[in-house]
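To start, the structure itself, in structure tokens.
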Amino acid sequence: MSSMVDVNRRPRGLTRGAAVWHTTGPHELASVIGKLELLERDRVTLRARVGSALLLLDMNTQELIEVRLTERSCSATTEISIFSPLGARLLAACPGDMLTLGGFSGGYRLLLVRVEPAPS
């Protein structure tokens with residue numbers, strides 16, 4: 001395995017074209033509302049918030065992935081809406097949290113390595 005990791009690449013299953021990540025239901029919406037309330041109450045703990053830059057480690061492929069959480073879907077491949085299933089899981093996560101996402105081929109296991117607060 002190479003020591004250099006391309007942080008600009010995203011696993012194929014996490015790209016915008018993967019329909020499995022585009023279905024947002026009542027569970028994800030309720031989760032987002034609850035997490036937004038948590039973030040409003042807890043402004044001290046370093047957590048993923050809207051505008052945060054996140055560094056994720058795909059535990060299956062050992063790839064590093066850089067993304068930014070946004071309020072709405074954007075055309076940029078590095079931006080993830082908090083209203084998407086993946087974004088709903090990332091919202092309010094802390095560095096060191098392991099996220100498990102079901103899907104094809106057993107899904108994904110992602111480790112949240114770093115959270116950089118949104119620029120002021």
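Chain identifiers are assigned as A, B, and so on, following the order in which chains appear in the structure tokens; residues are numbered from 1 within each chain, and ligands are numbered from 1 in order of appearance.
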Which residues come within 12 Å of Leu54 of chain A, counting only C-alpha atoms, excluding same-chain residues fewer than 2 positions away, as an NGL selection string? :A and (7 or 46-52 or 56-57 or 64-70 or 78-80 or 87 or 90-97 or 110-118)
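Distances from A:Gly103, A:Arg41, A:Arg72, A:Ile82 to Leu29 of chain A were compared using only C-alpha atoms, and the smallest one belongs to A:Ile82.
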Could you tell me how far atom CA of Pro85 of chain A lies from atom CA of Glu28 of chain A, in Å and to one decimal?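 Pair atom CA of Pro85 of chain A / atom CA of Glu28 of chain A returns 6.1 Å.
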Contacts of His27 of chain A at 12 Å (only C-alpha atoms; same-chain gap of 6+ positions) as a list in words: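 Contacts, with the query itself left out: Ile33, Gly34, Phe83, Ser84, Pro85, Ala88 and Arg89 of chain A.
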Selection export as an mmCIF file, in the first residue's frame, atoms kept: C-alpha atoms:
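After the write, again30.cif holds the following:
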data_model
loop_
_atom_site.group_PDB
_atom_site.id
_atom_site.type_symbol
_atom_site.label_atom_id
_atom_site.label_comp_id
_atom_site.auth_asym_id
_atom_site.auth_seq_id
_atom_site.Cartn_x
_atom_site.Cartn_y
_atom_site.Cartn_z
ATOM 1 C CA ILE A 33 -33.833 17.961 13.276
ATOM 2 C CA GLY A 34 -32.691 16.281 16.493
ATOM 3 C CA PHE A 83 -30.573 16.138 4.275
ATOM 4 C CA SER A 84 -29.012 13.204 2.434
ATOM 5 C CA PRO A 85 -28.714 9.893 4.313
ATOM 6 C CA ALA A 88 -27.632 13.070 8.166
ATOM 7 C CA ARG A 89 -25.245 10.499 9.645
#
Check the smallest atom-to-atom distance from each of A:Leu99, A:Met59, A:Cys74, A:Glu40 to Leu86 of chain A using only C-alpha atoms, then report the winner. A:Leu99
Out of A:Met98, A:Val44, A:Leu36, A:Ala53, which residue has the shortest atom-to-atom distance to Pro119 of chain A when counting only C-alpha atoms?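 Looking only at the distances to Pro119 of chain A, the closest residue turns out to be A:Ala53.
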What is the distance between atom CA of Ser73 of chain A and atom CA of Leu101 of chain A, in Å to one decimal? 19.3 Å
DSSP on the backbone: what in segment 35-79 of chain A comes out helix (DSSP H, G or I), as a VMD selection string? chain A and resid 35 to 41
Deliver the residues from the most recent selection as a file, using C-alpha atoms, as a short mmCIF file (atom, residue, chain, number, x, y, z; two decimals), in the first residue's frame.
data_model
loop_
_atom_site.label_atom_id
_atom_site.label_comp_id
_atom_site.auth_asym_id
_atom_site.auth_seq_id
_atom_site.Cartn_x
_atom_site.Cartn_y
_atom_site.Cartn_z
CA LYS A 35 -29.02 16.79 15.66
CA LEU A 36 -29.54 20.45 14.74
CA GLU A 37 -31.18 20.95 18.14
CA LEU A 38 -28.22 19.21 19.82
CA LEU A 39 -25.75 21.42 17.96
CA GLU A 40 -27.71 24.53 19.02
CA ARG A 41 -27.43 23.50 22.68
#
What is the distance between atom CA of Gly107 of chain A and atom CA of Asn60 of chain A, in Å to one decimal?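 Straight-line distance from atom CA of Gly107 of chain A to atom CA of Asn60 of chain A works out to 9.2 Å.
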From a DSSP pass on the backbone, collect the residues of segment 13-74 of chain A flagged as strand (DSSP E or B) and hand them back as a PyMOL selection string. chain A and resi 53-58+64-70
